[in-house]
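K.L.:
First the structure, then my questions, so here it is.
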Amino acid sequence: LAAAWRDGAELLGALTARAAVLGARLRDRPARAVVCHTDGHLGNVLLGDDAVWLIDWDDATLAPPERDLMFVVGGLPGYAPVGERELRWFAAGYGAVEVDADRLAYYRAVRALADLTEFAAELLDPSGDRADREFALSVVRGELAGRGLGALAVGDRSA
């Protein structure tokens, strides 16, 4: 973990700075709040013959739509890429939405930082399951090596 953190220090610093700059920029720009799932990745999607279910609503909150749209617009690099076809499918079900690039980048940066700290904490818990701890390390390594949401958040200069 220490080696991954050290090797990813530049990305981590850029991600932290990006979140701070965007947070300050958005502070005086109120947005409408909608019900957000906050964890809308493929692991929380069930497909049926005629329906799609989004499960695991334990962290639902009221927030701007970009809080959830970050999982779709741009996808989750390395985990769940989203192409034009998937965006069309999403738009057909979700409806038209005007995405605020600043908010999208902000929520990406904050989520990447939260994931890093949560997986690092799991890894450092000596009572944790070995397989879970190894998975946590692989997530942290991938994220800090620039293969995850943090690199997308830092690299999105349209915001």
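Labels for the structure tokens follow display order: chains A, B, ..., residues from 1 in each chain, ligands from 1.
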Name the residues of chain A that come out as alpha helix (DSSP H) in a backbone DSSP run; write them as a PyMOL selection string.

P.N.:
chain A and resi 2-7+9-26+66-69+84-94+101-124+130-144+149-155

K.L.:
Could you state the separation of atom CA of Asp115 of chain A and atom CA of Ala136 of chain A in Å, given to one decimal place?

P.N.:
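Answer for the atom CA of Asp115 of chain A to atom CA of Ala136 of chain A separation: 9.6 Å.
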
K.L.:
Where does segment 98-158 of chain A meet segment 49-70 of chain A within 12 Å, residue by residue, with the nearest atom pair and distance in Å to one decimal for each, counting only C-alpha atoms, listed by chain and rising number, as JSON lines?

P.N.:
{"residue": "A:Glu98", "atom": "CA", "partner": "A:Pro65", "partner_atom": "CA", "distance": 9.5}
{"residue": "A:Val99", "atom": "CA", "partner": "A:Glu66", "partner_atom": "CA", "distance": 6.7}
{"residue": "A:Asp100", "atom": "CA", "partner": "A:Glu66", "partner_atom": "CA", "distance": 7.2}
{"residue": "A:Ala101", "atom": "CA", "partner": "A:Glu66", "partner_atom": "CA", "distance": 8.5}
{"residue": "A:Asp102", "atom": "CA", "partner": "A:Glu66", "partner_atom": "CA", "distance": 9.3}
{"residue": "A:Arg103", "atom": "CA", "partner": "A:Glu66", "partner_atom": "CA", "distance": 6.1}
{"residue": "A:Leu104", "atom": "CA", "partner": "A:Glu66", "partner_atom": "CA", "distance": 5.1}
{"residue": "A:Ala105", "atom": "CA", "partner": "A:Met70", "partner_atom": "CA", "distance": 7.9}
{"residue": "A:Tyr106", "atom": "CA", "partner": "A:Arg67", "partner_atom": "CA", "distance": 8.9}
{"residue": "A:Tyr107", "atom": "CA", "partner": "A:Arg67", "partner_atom": "CA", "distance": 5.7}
{"residue": "A:Arg108", "atom": "CA", "partner": "A:Met70", "partner_atom": "CA", "distance": 6.2}
{"residue": "A:Ala109", "atom": "CA", "partner": "A:Met70", "partner_atom": "CA", "distance": 10.0}
{"residue": "A:Val110", "atom": "CA", "partner": "A:Arg67", "partner_atom": "CA", "distance": 9.9}
{"residue": "A:Arg111", "atom": "CA", "partner": "A:Arg67", "partner_atom": "CA", "distance": 9.2}
{"residue": "A:Ala112", "atom": "CA", "partner": "A:Met70", "partner_atom": "CA", "distance": 11.0}
{"residue": "A:Leu149", "atom": "CA", "partner": "A:Met70", "partner_atom": "CA", "distance": 9.2}
{"residue": "A:Gly150", "atom": "CA", "partner": "A:Met70", "partner_atom": "CA", "distance": 11.6}
{"residue": "A:Leu152", "atom": "CA", "partner": "A:Met70", "partner_atom": "CA", "distance": 10.2}
{"residue": "A:Ala153", "atom": "CA", "partner": "A:Met70", "partner_atom": "CA", "distance": 9.6}
{"residue": "A:Asp156", "atom": "CA", "partner": "A:Met70", "partner_atom": "CA", "distance": 11.9}
